[in-house]
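J.: Just passing along the structure, written as structure tokens.
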Number of protein chains: 2
Amino acid sequence: MADRIIAKPLDSKAFGAFGDVIEAEGSPDRLINAGLCGRFHDRARLDFGDGRAGLSLFDAEARHWPLRVDLVERHPEGSQAFMPVSGARMIVVVAEDDGGKPVNYQAFVSQPGQVVNLLRNVWHGVLAPLGERGQFAVLDRIGAGANLEEYPLTPPLWVDPAEGL
Amino acid sequence: MADRIIAKPLDSKAFGAFGDVIEAEGSPDRLINAGLCGRFHDRARLDFGDGRAGLSLFDAEARHWPLRVDLVERHPEGSQAFMPVSGARMIVVVAEDDGGKPVNYQAFVSQPGQVVNLLRNVWHGVLAPLGERGQFAVLDRIGAGANLEEYPLTPPLWVDPAEGL
């Protein structure tokens, strides 16, 4: 496993295997409010398993380049969406799974306003607002039972930005 | 009915009968990610009735003072949460219900970063970003059947800002 990867701009196509990127791109699905508002409708693969949806707020400290990742985690019981309400960008680290082990790490950097919804059971780094403290509305599963699996990385993974990020 | 009201700063206590205001105020319910992130946990009275939760994105044109309100609406089948992902403030107009008729209008102005969750069946004005175009992640019910009741206001209601807003 490479211990150093390059973060790319977040893009719904490249991210599709891991989750959804929700943003006002292209034409809205419908116009509402006498044409004054575009609705991009039902854009996330939400999944709360046997639990229910809950809306929380995360207030996370700033992270900086290079990002040190010494832990990834996943939520076996549901999806988790991050909505940046303070304008911060996020560094999003994800990995594929190989029999319970995260492999093939990738990193992305969001633009302000981009919402990220991680699919159930996708390995990911913890919330990492880039360069500034950030607040995020978080939509995830509320319910009984453990919904967190952690995987420590020894040695850690380091993430550098692609040029221009 | 007064045809002119004054908008006040949005405040969870004053707004409580109509919905939830979710923000990083006070101490978080728990610290996660090795203490680097505070979680304000499960802060909205979400309600999707016989439907399911859906995450959409609204892109709405700027509104200005005085705000003209010629229509209010309500969603009889579920709650609706607005998460400002572009930094815009919102003018939030709500009313009590008296046998199917909106009465006792109130208006509020959010601060950047404040999330608003309207309870099921609460009369409200349409999404109104203040002074700039705004994008909002919206969490509401996806399901069969009509989930919209509209009430036109003739003459319109006008909303002015409290001093300092």
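Labels for the structure tokens follow display order: chains A, B, ..., residues from 1 in each chain, ligands from 1.
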For chain B against chain A, which residues fall within 8 Å using only C-alpha atoms, given as a compact mmCIF listing (two decimals) with C-alpha atoms, in the first residue's frame?
T.:
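So the final result, stored in iface10.txt, reads:
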```txt
# COMPACT_ATOMS: atom_id res chain seq x y z
CA ILE B 22 -29.78 23.62 14.60
CA GLU B 23 -26.43 25.29 15.22
CA ALA B 24 -23.15 24.88 17.09
CA ASN B 33 -12.56 11.82 16.26
CA LEU B 36 -11.26 17.07 17.22
CA CYS B 37 -14.99 17.19 16.44
CA GLY B 38 -18.05 18.04 18.53
CA ARG B 39 -21.31 16.29 17.72
CA PHE B 40 -24.57 18.11 18.47
CA HIS B 41 -26.61 14.97 18.26
CA ASP B 42 -30.01 14.33 16.67
CA ARG B 43 -31.28 17.89 16.95
CA ALA B 44 -34.30 17.90 14.61
CA LEU B 46 -37.77 14.85 11.59
CA ALA B 53 -36.33 10.80 3.87
CA GLY B 54 -34.91 12.41 0.72
CA LEU B 55 -32.04 14.83 0.28
CA SER B 56 -32.42 17.49 -2.41
CA LEU B 57 -30.76 20.78 -3.24
CA PHE B 58 -32.64 24.05 -3.72
CA ASP B 59 -31.10 26.94 -5.67
CA ALA B 60 -33.18 30.05 -4.93
CA GLU B 61 -33.08 33.63 -6.17
CA MET B 83 -29.36 23.59 5.36
CA PRO B 84 -27.64 26.66 3.92
CA VAL B 85 -24.59 25.44 2.00
CA SER B 86 -23.75 28.72 0.22
CA GLY B 87 -23.61 30.96 3.28
CA PRO B 112 -25.21 32.00 8.15
CA GLY B 113 -24.83 28.40 9.23
CA GLN B 114 -28.15 28.08 11.04
CA VAL B 115 -30.17 25.08 9.91
CA VAL B 126 -41.25 29.96 0.38
CA LEU B 127 -37.47 29.78 0.63
CA GLN B 135 -28.21 27.07 -2.24
CA ALA B 137 -29.63 21.18 1.04
CA ILE B 142 -40.39 11.55 -0.58
```
J.: If you count only C-alpha atoms, which residues fall within 10 Å of Arg68 of chain A, apart from same-chain ones fewer than 5 positions away, as a PyMOL selection string?
T.: chain A and resi 4+63+125+156-160
J.: Find the residues around Glu96 of chain B up to 10 Å (only C-alpha atoms counted), leave out those fewer than 3 positions away in its own chain, and share them as number ranges by chain.
T.: B: 17-18, 99-106, 121-124
J.: Which parts of segment 72-124 of chain B does DSSP call strand (DSSP E or B) when run on the backbone here, written out as a count of residues only?
T.: 32
J.: Work out how far atom CA of Asn147 of chain A is from atom CA of Ala14 of chain A, in Å to one decimal.
T.: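 So the two atoms, atom CA of Ala14 of chain A and atom CA of Asn147 of chain A, lie 26.0 Å apart.
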J.: So which residues touch Asp11 of chain B within 10 Å, counting only C-alpha atoms, skipping near sequence neighbours fewer than 2 positions away, as a PyMOL selection string?
T.: chain B and resi 8-9+13-16+20-22+108-111+114
J.: Can you write just those residues out, N, CA and C atoms, as an mmCIF file, in the first residue's frame?
T.:
```
data_model
loop_
_atom_site.group_PDB
_atom_site.id
_atom_site.type_symbol
_atom_site.label_atom_id
_atom_site.label_comp_id
_atom_site.auth_asym_id
_atom_site.auth_seq_id
_atom_site.Cartn_x
_atom_site.Cartn_y
_atom_site.Cartn_z
ATOM 1 N N LYS B 8 -37.495 39.189 13.173
ATOM 2 C CA LYS B 8 -36.558 39.172 14.300
ATOM 3 C C LYS B 8 -35.431 38.173 14.017
ATOM 4 N N PRO B 9 -34.346 38.279 14.772
ATOM 5 C CA PRO B 9 -33.299 37.252 14.618
ATOM 6 C C PRO B 9 -33.853 35.863 14.950
ATOM 7 N N LYS B 13 -35.614 29.163 20.698
ATOM 8 C CA LYS B 13 -36.694 29.228 21.681
ATOM 9 C C LYS B 13 -37.959 29.852 21.065
ATOM 10 N N ALA B 14 -37.775 31.020 20.423
ATOM 11 C CA ALA B 14 -38.931 31.683 19.819
ATOM 12 C C ALA B 14 -39.518 30.857 18.678
ATOM 13 N N PHE B 15 -38.679 30.043 18.056
ATOM 14 C CA PHE B 15 -39.097 29.307 16.865
ATOM 15 C C PHE B 15 -39.656 27.927 17.207
ATOM 16 N N GLY B 16 -39.523 27.516 18.453
ATOM 17 C CA GLY B 16 -39.777 26.143 18.846
ATOM 18 C C GLY B 16 -41.134 25.562 18.489
ATOM 19 N N ASP B 20 -37.251 23.487 14.408
ATOM 20 C CA ASP B 20 -35.966 23.416 15.098
ATOM 21 C C ASP B 20 -34.952 24.337 14.432
ATOM 22 N N VAL B 21 -34.117 24.948 15.260
ATOM 23 C CA VAL B 21 -32.949 25.685 14.767
ATOM 24 C C VAL B 21 -31.729 24.895 15.220
ATOM 25 N N ILE B 22 -30.903 24.489 14.273
ATOM 26 C CA ILE B 22 -29.778 23.619 14.595
ATOM 27 C C ILE B 22 -28.491 24.382 14.325
ATOM 28 N N PHE B 108 -38.593 35.636 10.839
ATOM 29 C CA PHE B 108 -37.275 35.493 11.448
ATOM 30 C C PHE B 108 -36.203 35.605 10.370
ATOM 31 N N VAL B 109 -35.023 36.020 10.780
ATOM 32 C CA VAL B 109 -33.871 36.036 9.876
ATOM 33 C C VAL B 109 -32.789 35.147 10.470
ATOM 34 N N SER B 110 -32.339 34.180 9.687
ATOM 35 C CA SER B 110 -31.294 33.270 10.178
ATOM 36 C C SER B 110 -29.927 33.918 10.068
ATOM 37 N N GLN B 111 -28.984 33.381 10.778
ATOM 38 C CA GLN B 111 -27.581 33.701 10.596
ATOM 39 C C GLN B 111 -26.963 32.658 9.669
ATOM 40 N N GLN B 114 -27.009 28.618 10.285
ATOM 41 C CA GLN B 114 -28.151 28.081 11.044
ATOM 42 C C GLN B 114 -29.017 27.212 10.138
#
```
J.: Between atom CA of Pro155 of chain B and atom CA of Val116 of chain B, what is the distance in Å, rounded to a tenth?
T.: 27.3 Å
J.: Identify which of the residues B:Ala95, B:Ala107, B:Leu67, B:Ala144 lies closest to Ala7 of chain B, counting only C-alpha atoms when measuring atom-to-atom distances.
T.: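 So, comparing all the options, the nearest one is B:Ala107.
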J.: Hey, can you check how far atom CA of Leu153 of chain B sits from atom CA of Val94 of chain B?
T.: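 If I compute the distance from atom CA of Leu153 of chain B to atom CA of Val94 of chain B, I get 13.1 Å.
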